[in-house]
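Shown below: model_28.txt, with compact mmCIF, C-alpha atoms and all ligand atoms.
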# COMPACT_ATOMS: atom_id res chain seq x y z
CA MET D 26 68.97 -149.70 103.27
CA ASN D 27 70.35 -150.10 99.79
CA ARG D 28 71.76 -146.72 98.83
CA ALA D 29 72.71 -147.73 95.29
CA THR D 30 71.94 -145.01 92.77
CA PRO D 31 71.28 -146.57 89.37
CA SER D 32 72.11 -144.21 86.56
CA LYS D 33 69.81 -145.91 84.07
CA PRO D 34 67.47 -148.42 85.66
CA ASP D 35 66.95 -150.84 82.79
CA LEU D 36 66.59 -153.48 85.45
CA ALA D 37 64.52 -153.81 88.58
CA VAL D 38 65.94 -151.80 91.47
CA GLU D 39 65.76 -152.91 95.11
CA ILE D 40 64.38 -150.04 97.17
CA ALA D 41 64.07 -151.97 100.46
CA PRO D 42 64.81 -155.58 101.44
CA GLY D 43 62.67 -157.77 99.20
CA VAL D 44 61.00 -154.78 97.55
CA HIS D 45 61.85 -153.89 93.94
CA TRP D 46 60.98 -150.97 91.74
CA ILE D 47 59.74 -152.47 88.45
CA GLY D 48 58.53 -149.25 86.88
CA VAL D 49 59.46 -147.55 83.62
CA LEU D 50 60.91 -144.25 82.48
CA ASP D 51 59.12 -142.00 80.00
CA PRO D 52 61.68 -139.23 79.41
CA GLY D 53 60.03 -137.91 76.23
CA LEU D 54 56.73 -136.92 77.81
CA ARG D 55 56.06 -133.16 77.89
CA SER D 56 52.33 -133.03 78.58
CA PHE D 57 50.42 -135.30 80.94
CA ASP D 58 46.63 -135.57 81.02
CA ILE D 59 46.70 -132.55 78.65
CA ILE D 60 46.86 -130.04 81.53
CA LEU D 61 50.15 -130.96 83.22
CA LYS D 62 53.48 -129.98 81.71
CA THR D 63 56.76 -131.68 82.46
CA ALA D 64 60.20 -130.51 81.49
CA ASN D 65 61.86 -133.91 81.51
CA GLY D 66 59.18 -136.59 81.30
CA THR D 67 57.88 -138.83 84.03
CA THR D 68 58.13 -142.31 85.46
CA TYR D 69 55.41 -144.88 85.99
CA ASN D 70 56.44 -146.57 89.19
CA ALA D 71 55.37 -150.10 90.01
CA TYR D 72 56.73 -152.31 92.75
CA ALA D 73 57.14 -155.99 93.62
CA VAL D 74 57.07 -157.06 97.29
CA ARG D 75 58.36 -160.52 98.14
CA GLY D 76 57.06 -162.30 101.22
CA SER D 77 57.54 -165.85 102.50
CA GLU D 78 54.21 -166.86 100.96
CA GLY D 79 54.21 -165.09 97.67
CA VAL D 80 54.75 -161.85 95.81
CA ALA D 81 52.60 -158.73 95.68
CA ILE D 82 52.65 -156.31 92.76
CA ILE D 83 51.78 -152.71 93.57
CA ASP D 84 50.39 -150.90 90.51
CA THR D 85 51.43 -151.47 86.89
CA VAL D 86 52.36 -149.03 84.11
CA LYS D 87 50.91 -147.33 81.06
CA GLU D 88 49.96 -149.95 78.48
CA CYS D 89 52.53 -148.89 75.88
CA PHE D 90 55.33 -149.56 78.39
CA ALA D 91 54.06 -152.99 79.43
CA ASP D 92 56.93 -154.94 77.81
CA ASP D 93 59.51 -153.04 79.87
CA PHE D 94 57.44 -153.59 83.03
CA PHE D 95 57.12 -157.34 82.44
CA ARG D 96 60.83 -157.67 81.71
CA LYS D 97 61.68 -156.10 85.06
CA LEU D 98 59.01 -158.08 86.86
CA GLU D 99 60.33 -161.35 85.42
CA SER D 100 63.79 -160.50 86.74
CA VAL D 101 62.54 -160.57 90.35
CA ALA D 102 59.57 -162.96 90.39
CA ARG D 103 57.85 -165.79 88.54
CA TYR D 104 54.25 -165.21 87.54
CA ASP D 105 53.10 -168.24 89.55
CA GLU D 106 54.53 -166.60 92.69
CA ILE D 107 52.29 -163.54 92.39
CA ARG D 108 49.47 -163.89 94.91
CA VAL D 109 48.49 -160.28 95.38
CA MET D 110 47.87 -157.43 92.98
CA VAL D 111 47.20 -153.97 94.41
CA LEU D 112 46.02 -150.95 92.48
CA ASN D 113 46.29 -147.75 94.48
CA HIS D 114 43.93 -146.14 91.99
CA LEU D 115 42.63 -147.07 88.58
CA GLU D 116 43.93 -144.35 86.29
CA PRO D 117 45.20 -145.91 83.04
CA ASP D 118 48.81 -144.82 83.50
CA HIS D 119 48.98 -147.34 86.37
CA THR D 120 46.54 -149.97 85.19
CA GLY D 121 47.53 -150.30 81.53
CA ALA D 122 49.41 -153.56 82.04
CA LEU D 123 46.83 -155.03 84.44
CA PRO D 124 44.83 -157.15 81.95
CA GLU D 125 47.97 -158.83 80.64
CA LEU D 126 49.35 -159.29 84.15
CA LEU D 127 46.16 -161.00 85.28
CA ARG D 128 46.33 -163.20 82.20
CA ARG D 129 49.89 -164.20 83.08
CA ALA D 130 49.19 -164.55 86.80
CA PRO D 131 45.53 -165.67 86.93
CA GLN D 132 45.86 -166.86 90.53
CA ALA D 133 46.62 -163.32 91.78
CA GLN D 134 43.89 -161.71 93.84
CA LEU D 135 43.23 -158.05 93.03
CA TYR D 136 42.88 -155.55 95.90
CA ILE D 137 41.36 -152.14 95.14
CA SER D 138 39.70 -149.50 97.28
CA THR D 139 36.01 -149.71 98.09
CA ARG D 140 35.48 -146.65 95.90
CA ALA D 141 37.04 -148.31 92.87
CA LYS D 142 34.20 -150.69 92.15
CA GLN D 143 32.15 -148.28 90.05
CA MET D 144 35.21 -146.98 88.22
CA LEU D 145 36.28 -150.51 87.38
CA LYS D 146 32.97 -151.04 85.60
CA GLY D 147 33.69 -148.00 83.45
CA LEU D 148 37.15 -149.27 82.57
CA LEU D 149 36.16 -152.85 81.82
CA HIS D 150 32.94 -152.10 79.93
CA GLY D 151 31.09 -155.26 80.78
CA ASP D 152 33.99 -157.61 81.38
CA SER D 153 33.95 -159.09 84.85
CA LEU D 154 36.89 -159.12 87.19
CA ASP D 155 37.20 -160.74 90.56
CA PHE D 156 38.53 -158.36 93.19
CA THR D 157 38.57 -157.65 96.91
CA PRO D 158 37.56 -154.14 97.98
CA VAL D 159 39.64 -152.84 100.88
CA ASN D 160 39.40 -149.94 103.28
CA THR D 161 41.57 -148.34 105.95
CA GLY D 162 42.85 -150.99 108.34
CA ASP D 163 42.29 -153.95 106.02
CA THR D 164 45.35 -156.14 105.58
CA VAL D 165 46.68 -158.89 103.34
CA SER D 166 49.39 -161.28 104.43
CA LEU D 167 52.36 -162.38 102.34
CA GLY D 168 53.43 -164.79 105.10
CA ASP D 169 56.22 -163.05 106.98
CA ARG D 170 55.10 -159.56 105.99
CA THR D 171 51.81 -157.76 105.75
CA LEU D 172 50.37 -155.09 103.51
CA SER D 173 47.73 -152.78 104.95
CA PHE D 174 45.62 -150.12 103.30
CA LEU D 175 44.84 -146.46 103.92
CA HIS D 176 41.74 -145.02 102.29
CA THR D 177 42.77 -141.60 100.90
CA PRO D 178 39.97 -140.70 98.48
CA PHE D 179 40.26 -137.92 95.89
CA LEU D 180 44.04 -137.70 95.95
CA HIS D 181 43.54 -137.29 93.17
CA TRP D 182 40.97 -139.89 92.06
CA PRO D 183 37.92 -140.89 94.11
CA ASP D 184 39.32 -144.39 94.59
CA THR D 185 42.82 -143.43 95.69
CA GLN D 186 44.37 -145.48 98.46
CA CYS D 187 47.86 -145.99 99.88
CA THR D 188 49.44 -149.31 100.73
CA TRP D 189 51.67 -149.68 103.80
CA LEU D 190 54.40 -152.27 104.28
CA GLU D 191 55.02 -152.03 107.99
CA ASP D 192 58.19 -154.10 108.39
CA ALA D 193 60.01 -151.90 105.86
CA GLY D 194 58.37 -148.63 106.94
CA LEU D 195 57.45 -148.25 103.29
CA LEU D 196 54.44 -146.34 102.03
CA PHE D 197 53.29 -147.04 98.47
CA SER D 198 51.55 -143.74 98.10
CA GLY D 199 50.11 -143.81 94.59
CA ASP D 200 50.04 -140.34 93.07
CA ILE D 201 50.35 -138.73 96.52
CA PHE D 202 53.88 -137.34 97.02
CA GLY D 203 54.55 -138.04 93.36
CA CYS D 204 55.67 -135.74 90.57
CA HIS D 205 56.32 -135.79 86.86
CA PHE D 206 60.08 -135.94 86.92
CA CYS D 207 62.12 -138.50 85.02
CA ASP D 208 65.60 -139.26 86.30
CA GLY D 209 67.22 -142.68 86.02
CA ARG D 210 68.99 -142.19 89.33
CA LEU D 211 65.57 -142.91 90.84
CA PHE D 212 66.07 -141.92 94.48
CA ASN D 213 65.40 -138.45 95.82
CA ASP D 214 68.92 -138.08 97.22
CA ALA D 215 70.44 -138.94 93.82
CA VAL D 216 68.24 -137.26 91.18
CA GLY D 217 68.34 -133.64 90.07
CA ASP D 218 66.42 -130.89 91.85
CA PHE D 219 62.74 -131.82 91.56
CA ARG D 220 61.24 -129.40 94.10
CA PHE D 221 59.47 -127.40 91.44
CA SER D 222 57.94 -130.53 89.94
CA PHE D 223 56.79 -131.73 93.37
CA ASP D 224 55.04 -128.44 94.19
CA TYR D 225 53.64 -128.10 90.65
CA TYR D 226 52.16 -131.58 90.80
CA TYR D 227 50.59 -130.83 94.18
CA ALA D 228 49.16 -127.54 92.90
CA HIS D 229 47.46 -129.12 89.92
CA LEU D 230 46.32 -132.47 91.25
CA MET D 231 46.03 -132.25 95.02
CA ARG D 232 45.26 -128.63 95.79
CA PRO D 233 41.63 -128.81 94.60
CA PHE D 234 41.17 -131.48 97.28
CA ARG D 235 43.07 -129.72 100.03
CA ASP D 236 40.66 -130.79 102.77
CA ARG D 237 41.05 -134.39 101.62
CA VAL D 238 44.82 -133.99 101.74
CA LEU D 239 44.59 -132.95 105.38
CA GLN D 240 42.37 -135.95 106.14
CA ALA D 241 44.83 -138.29 104.43
CA LEU D 242 47.73 -136.74 106.31
CA GLU D 243 46.04 -137.65 109.58
CA LEU D 244 46.50 -141.30 108.56
CA ILE D 245 49.91 -140.92 106.94
CA GLU D 246 51.57 -138.84 109.66
CA ALA D 247 50.85 -141.56 112.20
CA LEU D 248 53.11 -143.98 110.34
CA PRO D 249 56.85 -144.49 111.07
CA ILE D 250 57.73 -143.94 107.41
CA ARG D 251 61.24 -144.78 106.22
CA VAL D 252 60.56 -144.73 102.48
CA VAL D 253 57.77 -143.22 100.36
CA ALA D 254 57.35 -145.01 97.05
CA PRO D 255 55.02 -142.91 94.89
CA ALA D 256 53.57 -143.80 91.50
CA HIS D 257 55.48 -141.05 89.66
CA GLY D 258 58.89 -139.48 90.13
CA PRO D 259 61.65 -140.15 92.63
CA VAL D 260 61.45 -142.75 95.38
CA LEU D 261 61.69 -140.74 98.59
CA ARG D 262 64.16 -142.59 100.81
CA ASP D 263 66.04 -139.58 102.20
CA LYS D 264 64.05 -137.59 104.77
CA PRO D 265 60.68 -138.83 103.52
CA GLN D 266 58.93 -136.95 106.33
CA HIS D 267 60.06 -133.72 104.69
CA TYR D 268 57.67 -134.44 101.81
CA VAL D 269 54.83 -135.30 104.16
CA ARG D 270 55.38 -132.00 105.96
CA ARG D 271 55.52 -130.19 102.63
CA TYR D 272 52.04 -131.48 101.82
CA ARG D 273 50.76 -130.21 105.13
CA ASP D 274 52.39 -126.81 104.60
CA LEU D 275 50.91 -126.56 101.12
CA SER D 276 47.48 -127.56 102.39
CA ILE D 277 47.21 -125.21 105.31
CA SER D 278 45.57 -121.88 104.72
CA THR D 279 47.83 -118.94 105.36
CA LEU D 280 45.47 -116.16 104.33
CA ARG D 281 42.67 -117.41 106.54
CA ASN D 282 44.66 -116.37 109.61
CA GLU D 283 44.78 -112.83 108.35
CA ALA D 284 41.02 -112.61 107.88
CA GLY D 285 40.31 -114.39 111.15
CA ASP D 286 36.73 -115.53 111.43
CA VAL D 287 35.42 -112.64 109.34
CA LYS D 288 33.69 -113.76 106.14
CA THR D 289 35.21 -112.42 102.96
CA LEU D 290 33.61 -111.29 99.71
CA LEU D 291 35.66 -110.62 96.58
CA VAL D 292 34.18 -108.48 93.80
CA PHE D 293 35.93 -108.84 90.42
CA TYR D 294 35.01 -106.80 87.40
CA LEU D 295 36.13 -105.63 84.00
CA SER D 296 34.62 -102.57 82.41
CA ALA D 297 34.79 -101.25 78.85
CA TYR D 298 33.21 -97.80 79.42
CA GLY D 299 33.02 -97.57 83.21
CA ASN D 300 29.44 -98.87 83.45
CA THR D 301 30.26 -102.28 84.90
CA ARG D 302 32.81 -100.55 87.15
CA VAL D 303 30.20 -98.34 88.84
CA MET D 304 28.01 -101.41 89.24
CA ALA D 305 30.95 -103.21 90.92
CA GLU D 306 31.44 -100.28 93.27
CA ALA D 307 27.76 -100.35 94.15
CA VAL D 308 27.83 -104.12 94.85
CA ALA D 309 30.87 -103.65 97.08
CA ALA D 310 29.29 -100.67 98.85
CA GLY D 311 26.08 -102.61 99.50
CA ALA D 312 28.01 -105.50 101.00
CA GLU D 313 30.04 -103.10 103.08
CA GLU D 314 26.88 -101.40 104.40
CA ALA D 315 25.57 -104.73 105.63
CA GLY D 316 28.63 -104.92 107.85
CA GLY D 317 30.41 -107.84 109.43
CA ILE D 318 32.26 -108.99 106.31
CA ARG D 319 35.48 -108.03 104.60
CA VAL D 320 34.87 -106.78 101.06
CA SER D 321 37.56 -106.47 98.37
CA LEU D 322 37.17 -104.95 94.92
CA TYR D 323 39.46 -105.94 92.00
CA ASP D 324 39.71 -104.70 88.42
CA LEU D 325 40.67 -107.58 86.12
CA GLU D 326 42.12 -105.17 83.60
CA VAL D 327 45.48 -105.84 85.27
CA GLY D 328 45.50 -108.91 83.01
CA GLU D 329 47.03 -111.41 85.42
CA VAL D 330 44.54 -113.73 87.05
CA ALA D 331 47.00 -116.10 88.76
CA PRO D 332 47.54 -113.83 91.80
CA PHE D 333 43.81 -113.94 92.52
CA VAL D 334 43.58 -117.71 92.76
CA ASP D 335 45.03 -117.85 96.29
CA LEU D 336 42.60 -115.13 97.38
CA ILE D 337 39.66 -116.96 95.86
CA GLU D 338 40.54 -120.22 97.54
CA GLU D 339 40.33 -118.49 100.91
CA ALA D 340 37.29 -116.32 100.21
CA ASP D 341 33.72 -117.10 101.22
CA GLY D 342 31.94 -115.25 98.42
CA LEU D 343 32.82 -114.31 94.83
CA VAL D 344 31.10 -111.79 92.59
CA PHE D 345 31.99 -111.32 88.94
CA GLY D 346 31.08 -108.30 86.85
CA SER D 347 31.45 -108.43 83.09
CA PRO D 348 30.13 -106.46 80.14
CA THR D 349 28.61 -108.52 77.36
CA ILE D 350 30.66 -108.29 74.19
CA ASN D 351 29.64 -110.30 71.14
CA GLY D 352 27.19 -112.26 73.23
CA ASP D 353 29.76 -113.38 75.78
CA ALA D 354 31.48 -112.44 79.01
CA VAL D 355 34.95 -111.05 78.44
CA LYS D 356 38.06 -113.22 78.28
CA PRO D 357 39.76 -112.16 81.57
CA VAL D 358 36.62 -113.21 83.43
CA TRP D 359 36.63 -116.62 81.71
CA ASP D 360 40.37 -116.92 82.35
CA LEU D 361 39.80 -116.39 86.05
CA LEU D 362 36.83 -118.74 86.15
CA SER D 363 38.72 -121.47 84.31
CA SER D 364 41.61 -121.19 86.74
CA LEU D 365 39.25 -122.13 89.56
CA THR D 366 39.45 -125.81 88.62
CA ALA D 367 42.81 -125.77 90.43
CA VAL D 368 41.29 -124.83 93.78
CA SER D 369 38.37 -125.89 95.89
CA VAL D 370 35.43 -123.48 95.48
CA ARG D 371 32.57 -125.88 96.15
CA GLY D 372 29.98 -124.34 98.44
CA LYS D 373 31.24 -120.78 98.24
CA LEU D 374 28.75 -118.03 97.47
CA GLY D 375 28.69 -116.70 93.91
CA ALA D 376 26.96 -113.95 91.96
CA ALA D 377 27.28 -111.93 88.75
CA PHE D 378 26.40 -108.53 87.30
CA GLY D 379 27.23 -106.43 84.29
CA SER D 380 26.33 -103.75 81.81
CA PHE D 381 25.44 -104.59 78.22
CA GLY D 382 24.72 -102.88 74.92
CA TRP D 383 22.09 -104.95 73.14
CA SER D 384 21.92 -108.54 74.39
CA GLY D 385 23.43 -109.07 77.85
CA GLU D 386 24.12 -112.81 78.08
CA ALA D 387 27.24 -112.48 80.23
CA VAL D 388 25.52 -112.45 83.64
CA ALA D 389 23.56 -115.66 83.07
CA MET D 390 26.60 -117.34 81.51
CA ILE D 391 28.74 -116.52 84.53
CA GLU D 392 26.02 -117.71 86.89
CA ASP D 393 25.83 -121.02 85.00
CA ARG D 394 29.58 -121.40 85.24
CA LEU D 395 29.49 -120.70 88.98
CA ARG D 396 26.83 -123.35 89.49
CA GLY D 397 28.91 -125.73 87.38
CA LEU D 398 31.77 -125.17 89.80
CA LYS D 399 29.35 -126.06 92.62
CA LEU D 400 29.15 -122.57 94.06
CA ARG D 401 25.84 -121.49 95.58
CA VAL D 402 24.19 -118.70 93.59
CA PRO D 403 21.45 -117.55 95.96
CA VAL D 404 20.77 -114.07 94.54
CA LYS D 405 19.80 -113.32 90.96
CA GLY D 406 22.38 -111.21 89.16
CA VAL D 407 21.88 -107.61 88.04
CA ARG D 408 22.04 -106.48 84.41
CA ALA D 409 22.01 -102.87 83.21
CA LYS D 410 21.58 -101.66 79.66
CA LEU D 411 24.54 -99.36 78.98
CA ILE D 412 24.72 -96.70 81.73
CA PRO D 413 23.11 -98.09 84.88
CA THR D 414 20.18 -96.08 86.22
CA ASP D 415 19.88 -95.10 89.86
CA MET D 416 17.42 -97.97 90.25
CA GLU D 417 19.87 -100.44 88.74
CA LEU D 418 22.67 -99.19 90.95
CA GLU D 419 20.37 -99.63 93.93
CA ALA D 420 19.77 -103.20 92.70
CA CYS D 421 23.55 -103.68 92.74
CA ARG D 422 23.74 -102.40 96.31
CA THR D 423 20.93 -104.77 97.21
CA LEU D 424 22.82 -107.62 95.57
CA GLY D 425 25.87 -106.81 97.70
CA ARG D 426 23.76 -106.49 100.86
CA GLU D 427 21.99 -109.79 100.29
CA LEU D 428 25.26 -111.59 99.62
CA ALA D 429 26.66 -110.17 102.84
CA LEU D 430 23.59 -111.35 104.76
CA HIS D 431 23.94 -114.82 103.26
CA LEU D 432 27.59 -114.90 104.28
CA ALA D 433 26.62 -113.84 107.78
CA GLY D 434 23.88 -116.48 107.89
CA LEU D 435 21.22 -113.78 108.27
CA ALA D 436 19.53 -113.98 104.87
CA ASP D 437 15.83 -114.60 104.40
CA ASN D 438 15.65 -118.27 103.41
CA LYS D 439 12.85 -117.46 100.96
CA ILE D 440 15.28 -115.95 98.48
CA ILE D 441 17.86 -118.70 98.65
CA ASP D 442 18.53 -120.32 95.29
CA MET D 443 16.03 -118.24 93.35
CA ALA D 444 18.63 -117.85 90.63
CA ALA D 445 19.07 -121.58 90.49
CA LEU D 446 15.35 -122.00 89.95
CA ALA D 447 15.19 -119.50 87.11
FE1 LIG T 501 49.37 -141.22 87.83
FE2 LIG T 501 46.39 -140.51 88.72
O1 LIG T 501 47.59 -141.43 87.70
Would you mind giving the structure from this file in structure tokens?
Amino acid sequence: MNRATPSKPDLAVEIAPGVHWIGVLDPGLRSFDIILKTANGTTYNAYAVRGSEGVAIIDTVKECFADDFFRKLESVARYDEIRVMVLNHLEPDHTGALPELLRRAPQAQLYISTRAKQMLKGLLHGDSLDFTPVNTGDTVSLGDRTLSFLHTPFLHWPDTQCTWLEDAGLLFSGDIFGCHFCDGRLFNDAVGDFRFSFDYYYAHLMRPFRDRVLQALELIEALPIRVVAPAHGPVLRDKPQHYVRRYRDLSISTLRNEAGDVKTLLVFYLSAYGNTRVMAEAVAAGAEEAGGIRVSLYDLEVGEVAPFVDLIEEADGLVFGSPTINGDAVKPVWDLLSSLTAVSVRGKLGAAFGSFGWSGEAVAMIEDRLRGLKLRVPVKGVRAKLIPTDMELEACRTLGRELALHLAGLADNKIIDMAALA
């Protein structure tokens, strides 16, 4: 293997025999897709694979960097040699130069995942494009070498796939195993320490699809990988399996082992005058009385919501208590709810409760948000005007009990989704 370590890859870089990196560096970037921060920019990695019967291009770059991409491409291939064009997913940072590339190499056949068809329509807005949809096990020959495809949906786009070059043991992994880290030395054994960027990228893009990561790893771990060539960040030629294992480690639940098979219910609350607090205690007590589940009660007044995200990802049910202040739930509750986009909460059980002074919108707003996150909200929330009465506290206990029964699979089906119907 070529172990050259370019300090400033203005030119194409050979990463395996007949395989060149033709990507670009974007060292000035500090914010990606609005939500992702990067301390030193990113790279948009694209690759050219030469076979005896033509050249394949794997991904392109962001449109504004197209000139740099084409300059590198032209240094390793003529446009009339390009027979195959693969997009591992359609996000614009990898497809920006595609229209111009297809104009320059009109004979190239485009290969995209079966899931990409609908997304392509959205990107092209009526223009037509000839392409071949591919799925796991499909192959395309370049003569003396063959590309094959692995369907790895939702990592992190629905149409994500990986492309495998068997003779080189090279996995073009798209965003999987990538990171926003810009270093002209390009290879993982030559660049600066990028471990934080790797884990950060996983946490923000892959973690919400953790189950999908584990499914993809079933395909990827079966391969005799010698190099991982992701769409962002360093090319992983030194101990590439380390990064595959890291994904598995990050995707495996650690807390679940502690709870065993017992269902878990987390009750979060914030209370201005103690009224929502006593409601929270009643919800937790009701759930506890039902038995068979593990109930935890947390006061969000501690201010930090990040520590709760791991707990929430592992929990089976979530209950949020908030007073209504100025017609809204309080900020720490929204902070916690907004942080849930980073984890998978689809299908968990959700509920809300809270005390209010004169309007009391918070409970319904939280329930709407929970439904928006695809939680099930099977039991209507409880509201109490100022100090909860004994009857309202009993309603809180009932809420807790019913949630516990739902978690245990013992609930009366007649009450399921009543809140959703309201
Ligand atoms: Fe790097 Fe999902 O685009």
- Task: Can you work out which one of D:Pro255, D:Val292, D:Val109, D:Ala133 has the shortest atom-to-atom distance to Gly48 (chain D), counting all atoms listed in the file?
- Result: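 Nearest candidate to Gly48 (chain D) out of D:Pro255, D:Val292, D:Val109, D:Ala133: D:Pro255.
Minimum distance to Phe197 (chain D) across D:Leu98, D:Val111, D:Ala91, D:Ala309 (counting all atoms listed in the file) occurs at D:Val111.
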- Item | Given all atoms listed in the file as the counted atoms, nearest of D:Pro34, D:Pro348, D:Ala310, D:Leu261 to Tyr294 (chain D) |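 Among the listed residues, D:Pro348 lies closest to Tyr294 (chain D).
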- Find the residues with any atom within 8 Å of (41.8, -146.1, 93.4); use all atoms listed in the file and the coordinates as given in the file, and write the answer as a VMD selection string. chain D and resid 112 to 116 137 to 138 140 to 141 178 182 to 186
- Name the residues, by chain letter and number, that sit within 9 Å of ligand LIG 501 (chain T) using all atoms listed in the file, and give them as a list of chain:residue names. D:Asp58, D:Tyr69, D:Asn70, D:His114, D:Leu115, D:Glu116, D:Pro117, D:Asp118, D:His119, D:Thr120, D:Leu180, D:His181, D:Trp182, D:Thr185, D:Gly199, D:Asp200, D:Ile201, D:Gly203, D:Cys204, D:His205, D:Leu230, D:Ala256, D:His257
Residues just named, written with C-alpha atoms as a tab-separated table (two decimals), keeping the file's coordinate frame:
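Below is the file result-v2.tsv, written as the result:
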chain	number	residue	atom	x	y	z
D	58	ASP	CA	46.63	-135.57	81.02
D	69	TYR	CA	55.41	-144.88	85.99
D	70	ASN	CA	56.44	-146.57	89.19
D	114	HIS	CA	43.93	-146.14	91.99
D	115	LEU	CA	42.63	-147.07	88.58
D	116	GLU	CA	43.93	-144.35	86.29
D	117	PRO	CA	45.20	-145.91	83.04
D	118	ASP	CA	48.81	-144.82	83.50
D	119	HIS	CA	48.98	-147.34	86.37
D	120	THR	CA	46.54	-149.97	85.19
D	180	LEU	CA	44.04	-137.70	95.95
D	181	HIS	CA	43.54	-137.29	93.17
D	182	TRP	CA	40.97	-139.89	92.06
D	185	THR	CA	42.82	-143.43	95.69
D	199	GLY	CA	50.11	-143.81	94.59
D	200	ASP	CA	50.04	-140.34	93.07
D	201	ILE	CA	50.35	-138.73	96.52
D	203	GLY	CA	54.55	-138.04	93.36
D	204	CYS	CA	55.67	-135.74	90.57
D	205	HIS	CA	56.32	-135.79	86.86
D	230	LEU	CA	46.32	-132.47	91.25
D	256	ALA	CA	53.57	-143.80	91.50
D	257	HIS	CA	55.48	-141.05	89.66
- Item | Point (40.2, -104.2, 89.0) neighbourhood (12 Å, only C-alpha atoms) written as a ChimeraX atom specification | /D:291-297,299,301-303,305-306,321-330,333,345-347,357-358
As AutoDock Vina command-line options: centre and edge lengths in Å, one decimal, of the axis-aligned box holding region 244-261 of chain D with 6 Å per side:
--center_x 54.1 --center_y -141.9 --center_z 100.9 --size_x 27.2 --size_y 18.2 --size_z 34.5
- Task: Using all atoms listed in the file, pick whichever of D:Met304, D:Ile250, D:Leu190, D:Ile83 has the shortest atom-to-atom distance to Asp263 (chain D).
- Result: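 Smallest separation from Asp263 (chain D) among the options: D:Ile250.
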- Message: Could you check the closest approach to Gly385 (chain D) for each of D:Gly76, D:Gly372, D:Gly406, D:Gly397 and tell me which residue wins, using only C-alpha atoms?
- Response: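 Smallest separation from Gly385 (chain D) among the options: D:Gly406.
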- Spatial neighbours of Leu430 (chain D), 10 Å, all atoms listed in the file, chain gap at least 5 places, as a list in words: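 The contact residues come out as Ala312, Ala315, Gly316, Gly317, Ile318, Leu424, Gly425, Leu435, Ala436 and Asp437 of chain D.
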